[in-house]
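Here's the structure we're looking at; comments come further down.
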Amino acid sequence: QVQLVESGGGLVQAGGSLRLSCAASGRTLRGYAAGWFRQAPGKEREFVAATAWSGGNAYSAVVAQSVKGRFTISRDDAKNTVYLHMNSLKPEDTAVYYCAADPLINEATMTKGLEYDYWGQGTQVTVSS
């Protein structure tokens, strides 16, 4: 079992930055796919960013079009932590952000939330205008 705990959310003004962290325990995240998803009030959960093992001792990463150029995902396997770096935040980025991980997901499916088995509790991000 993998336990995931998100942190780093909060209230920020439009144009500001936040870094979300997802700390894993129970198992190493090395080789796991890890993703960030978000859900705004009254809306469905949506994909934000993900990283998956691409072979050759490297991970690949992808971000949603809506956050491309503003958000990046990174990971530190030594710290068993995945990060979401969010810049130029907009009010429409307001949501609960969830971290997810799974050992079987590959590059082809890492954007699909239903494929992930392990989820954190979420952290609230509120961007004021």
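Letters A, B, ... mark the chains of the structure tokens in the order given; residue numbers begin at 1 per chain; ligand numbers begin at 1, in order shown.
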
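Close contacts of Thr126 in chain A, defined as residues with an atom at most 8 Å away when counting only C-alpha atoms, with chain neighbours fewer than 5 positions off set aside, comprise Gly9, Gly10, Leu11, Val12, Pro91, Asp93, Thr94 and Ala95 of chain A.
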
Go ahead and write the residues just picked, N, CA and C atoms, as a PDB file, in the first residue's frame.
```
ATOM      1  N   GLY A   9      -0.823  23.769  -0.590  1.00  0.00           N
ATOM      2  CA  GLY A   9      -1.933  24.570  -1.082  1.00  0.00           C
ATOM      3  C   GLY A   9      -2.140  25.806  -0.229  1.00  0.00           C
ATOM      4  N   GLY A  10      -3.018  26.674  -0.709  1.00  0.00           N
ATOM      5  CA  GLY A  10      -3.315  27.886   0.045  1.00  0.00           C
ATOM      6  C   GLY A  10      -3.984  28.917  -0.811  1.00  0.00           C
ATOM      7  N   LEU A  11      -4.022  30.135  -0.284  1.00  0.00           N
ATOM      8  CA  LEU A  11      -4.617  31.267  -0.980  1.00  0.00           C
ATOM      9  C   LEU A  11      -3.516  32.114  -1.597  1.00  0.00           C
ATOM     10  N   VAL A  12      -3.665  32.417  -2.871  1.00  0.00           N
ATOM     11  CA  VAL A  12      -2.650  33.211  -3.568  1.00  0.00           C
ATOM     12  C   VAL A  12      -3.350  34.149  -4.531  1.00  0.00           C
ATOM     13  N   PRO A  91      -7.473  32.696 -11.486  1.00  0.00           N
ATOM     14  CA  PRO A  91      -8.631  32.304 -10.668  1.00  0.00           C
ATOM     15  C   PRO A  91      -9.238  30.968 -11.092  1.00  0.00           C
ATOM     16  N   ASP A  93      -7.760  28.402 -11.836  1.00  0.00           N
ATOM     17  CA  ASP A  93      -6.975  27.293 -11.291  1.00  0.00           C
ATOM     18  C   ASP A  93      -7.446  26.893  -9.899  1.00  0.00           C
ATOM     19  N   THR A  94      -8.378  27.652  -9.339  1.00  0.00           N
ATOM     20  CA  THR A  94      -8.910  27.335  -8.019  1.00  0.00           C
ATOM     21  C   THR A  94      -9.575  25.967  -8.031  1.00  0.00           C
ATOM     22  N   ALA A  95      -9.130  25.100  -7.135  1.00  0.00           N
ATOM     23  CA  ALA A  95      -9.634  23.729  -7.082  1.00  0.00           C
ATOM     24  C   ALA A  95      -8.966  23.005  -5.920  1.00  0.00           C
TER      25      ALA A  95
END
```

Which neighbours of Ile73 in chain A fall inside 7 Å, counting only C-alpha atoms, when residues of the same chain fewer than 3 positions from it are skipped, and could you give them as a ChimeraX atom specification? /A:49-50,83-85

Could you check the closest approach to Lys90 in chain A for each of A:Gly15, A:Thr28, A:Trp119, A:Gly56 and tell me which residue wins, using only C-alpha atoms? A:Gly15

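Across A:Leu89, A:Val82, A:Ala100, A:Ala34, the tightest approach to Val67 in chain A is made by A:Leu89 when counting only C-alpha atoms.
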
Test item, strand (DSSP E or B) assignment across range 9-128 of chain A, answer as a PyMOL selection string: chain A and resi 10-13+18-25+33-39+46-55+58-63+71-76+81-86+95-102+118-119+123-128

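One finds CA of Ala78 in chain A at 12.0 Å from CA of Ser25 in chain A.
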
Might you pull out every residue within 9 Å of range 104-113 of chain A, with only C-alpha atoms counted and same-chain residues fewer than 4 positions away left off, and present them as a ChimeraX atom specification? /A:31-37,45-54,60-64,100,117

Give me the residues near Ser88 in chain A as a compact mmCIF listing (two decimals) with all heavy atoms, in the first residue's frame, where near means some atom within 12 Å (using only C-alpha atoms) and where sequence neighbours in that chain fewer than 4 positions away do not count.
```txt
# COMPACT_ATOMS: atom_id res chain seq x y z
N VAL A 12 -3.66 32.42 -2.87
CA VAL A 12 -2.65 33.21 -3.57
C VAL A 12 -3.35 34.15 -4.53
O VAL A 12 -4.44 33.84 -5.03
CB VAL A 12 -1.66 32.28 -4.30
CG1 VAL A 12 -2.35 31.46 -5.38
CG2 VAL A 12 -0.48 33.05 -4.86
N GLN A 13 -2.74 35.28 -4.78
CA GLN A 13 -3.31 36.22 -5.75
C GLN A 13 -3.01 35.78 -7.17
O GLN A 13 -2.02 35.08 -7.42
CB GLN A 13 -2.74 37.61 -5.52
CG GLN A 13 -3.26 38.29 -4.26
CD GLN A 13 -2.83 39.74 -4.19
OE1 GLN A 13 -1.77 40.11 -4.69
NE2 GLN A 13 -3.65 40.56 -3.54
N ALA A 14 -3.84 36.19 -8.07
CA ALA A 14 -3.61 35.89 -9.48
C ALA A 14 -2.22 36.37 -9.89
O ALA A 14 -1.78 37.45 -9.50
CB ALA A 14 -4.67 36.55 -10.34
N GLY A 15 -1.54 35.54 -10.66
CA GLY A 15 -0.18 35.84 -11.07
C GLY A 15 0.87 35.27 -10.14
O GLY A 15 2.06 35.27 -10.48
N GLY A 16 0.43 34.78 -9.00
CA GLY A 16 1.36 34.23 -8.03
C GLY A 16 1.74 32.79 -8.32
O GLY A 16 1.34 32.21 -9.34
N SER A 17 2.52 32.22 -7.40
CA SER A 17 3.05 30.87 -7.58
C SER A 17 2.85 30.06 -6.31
O SER A 17 2.80 30.60 -5.20
CB SER A 17 4.55 30.92 -7.90
OG SER A 17 4.80 31.63 -9.09
N LEU A 18 2.74 28.77 -6.52
CA LEU A 18 2.70 27.81 -5.42
C LEU A 18 3.44 26.56 -5.86
O LEU A 18 3.50 26.25 -7.06
CB LEU A 18 1.27 27.43 -5.05
CG LEU A 18 0.42 28.41 -4.25
CD1 LEU A 18 -1.01 27.87 -4.12
CD2 LEU A 18 1.01 28.67 -2.88
N ARG A 19 3.97 25.85 -4.89
CA ARG A 19 4.52 24.53 -5.17
C ARG A 19 3.81 23.52 -4.28
O ARG A 19 3.87 23.60 -3.04
CB ARG A 19 6.02 24.47 -4.90
CG ARG A 19 6.63 23.14 -5.34
CD ARG A 19 8.09 23.00 -4.96
NE ARG A 19 8.26 22.72 -3.54
CZ ARG A 19 9.41 22.32 -3.00
NH1 ARG A 19 10.48 22.16 -3.75
NH2 ARG A 19 9.49 22.10 -1.69
N VAL A 67 -2.74 24.24 -18.65
CA VAL A 67 -1.71 24.74 -17.73
C VAL A 67 -0.33 24.72 -18.37
O VAL A 67 0.66 25.06 -17.70
CB VAL A 67 -1.69 23.91 -16.42
CG1 VAL A 67 -3.05 23.95 -15.74
CG2 VAL A 67 -1.25 22.48 -16.68
N LYS A 68 -0.24 24.37 -19.62
CA LYS A 68 1.05 24.28 -20.29
C LYS A 68 1.72 25.65 -20.30
O LYS A 68 1.09 26.68 -20.56
CB LYS A 68 0.86 23.76 -21.71
CG LYS A 68 2.15 23.47 -22.45
CD LYS A 68 1.89 22.69 -23.74
CE LYS A 68 1.54 21.26 -23.44
NZ LYS A 68 1.44 20.44 -24.68
N GLY A 69 2.99 25.65 -19.98
CA GLY A 69 3.74 26.89 -19.91
C GLY A 69 3.67 27.56 -18.55
O GLY A 69 4.41 28.51 -18.28
N ARG A 70 2.76 27.08 -17.69
CA ARG A 70 2.63 27.67 -16.35
C ARG A 70 2.94 26.65 -15.25
O ARG A 70 3.50 27.00 -14.22
CB ARG A 70 1.20 28.20 -16.15
CG ARG A 70 0.81 29.28 -17.15
CD ARG A 70 -0.54 29.90 -16.79
NE ARG A 70 -1.63 28.93 -16.81
CZ ARG A 70 -2.40 28.65 -15.77
NH1 ARG A 70 -2.20 29.25 -14.61
NH2 ARG A 70 -3.40 27.76 -15.88
N PHE A 71 2.56 25.40 -15.45
CA PHE A 71 2.76 24.34 -14.46
C PHE A 71 3.80 23.35 -14.95
O PHE A 71 3.86 23.04 -16.15
CB PHE A 71 1.46 23.57 -14.21
CG PHE A 71 0.36 24.32 -13.52
CD1 PHE A 71 0.39 25.70 -13.37
CD2 PHE A 71 -0.74 23.64 -13.03
CE1 PHE A 71 -0.63 26.38 -12.75
CE2 PHE A 71 -1.78 24.30 -12.40
CZ PHE A 71 -1.72 25.68 -12.27
N THR A 72 4.57 22.83 -14.04
CA THR A 72 5.47 21.73 -14.35
C THR A 72 5.40 20.71 -13.22
O THR A 72 5.10 21.06 -12.07
CB THR A 72 6.93 22.18 -14.53
OG1 THR A 72 7.36 22.84 -13.34
CG2 THR A 72 7.09 23.11 -15.72
N GLU A 92 -9.18 30.66 -12.37
CA GLU A 92 -9.74 29.39 -12.85
C GLU A 92 -8.92 28.19 -12.44
O GLU A 92 -9.32 27.04 -12.67
CB GLU A 92 -9.94 29.40 -14.36
CG GLU A 92 -8.73 29.84 -15.15
CD GLU A 92 -8.76 31.31 -15.53
OE1 GLU A 92 -9.13 32.15 -14.67
OE2 GLU A 92 -8.41 31.62 -16.70
N ASP A 93 -7.76 28.40 -11.84
CA ASP A 93 -6.97 27.29 -11.29
C ASP A 93 -7.45 26.89 -9.90
O ASP A 93 -6.97 25.91 -9.33
CB ASP A 93 -5.49 27.68 -11.21
CG ASP A 93 -4.86 27.90 -12.58
OD1 ASP A 93 -5.16 27.11 -13.50
OD2 ASP A 93 -4.08 28.86 -12.71
N VAL A 127 -7.16 30.87 -5.87
CA VAL A 127 -6.50 31.99 -6.53
C VAL A 127 -7.49 33.15 -6.59
O VAL A 127 -8.55 33.03 -7.20
CB VAL A 127 -6.03 31.61 -7.94
CG1 VAL A 127 -5.24 32.77 -8.56
CG2 VAL A 127 -5.17 30.35 -7.90
N SER A 129 -8.67 37.03 -7.55
CA SER A 129 -8.45 37.95 -8.69
C SER A 129 -8.10 39.34 -8.22
O SER A 129 -8.16 39.66 -7.04
CB SER A 129 -9.71 38.00 -9.56
OG SER A 129 -10.81 38.39 -8.76
```

Would you mind writing down, as a ChimeraX atom specification, each residue of chain A that DSSP on the backbone assigns to helix (DSSP H, G or I)? /A:65-67,91-93,113-115

What does the distance from CA of Gly8 in chain A to CA of Asn57 in chain A come to in Å, to one decimal?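 Calculated distance between CA of Gly8 in chain A and CA of Asn57 in chain A is 28.4 Å.
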
Choose the residue, out of A:Asp77, A:Glu6, A:Glu44, A:Asp102, that has the smallest atom-to-atom separation from Tyr116 in chain A; count only C-alpha atoms.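 Nearest candidate to Tyr116 in chain A out of A:Asp77, A:Glu6, A:Glu44, A:Asp102: A:Asp102.
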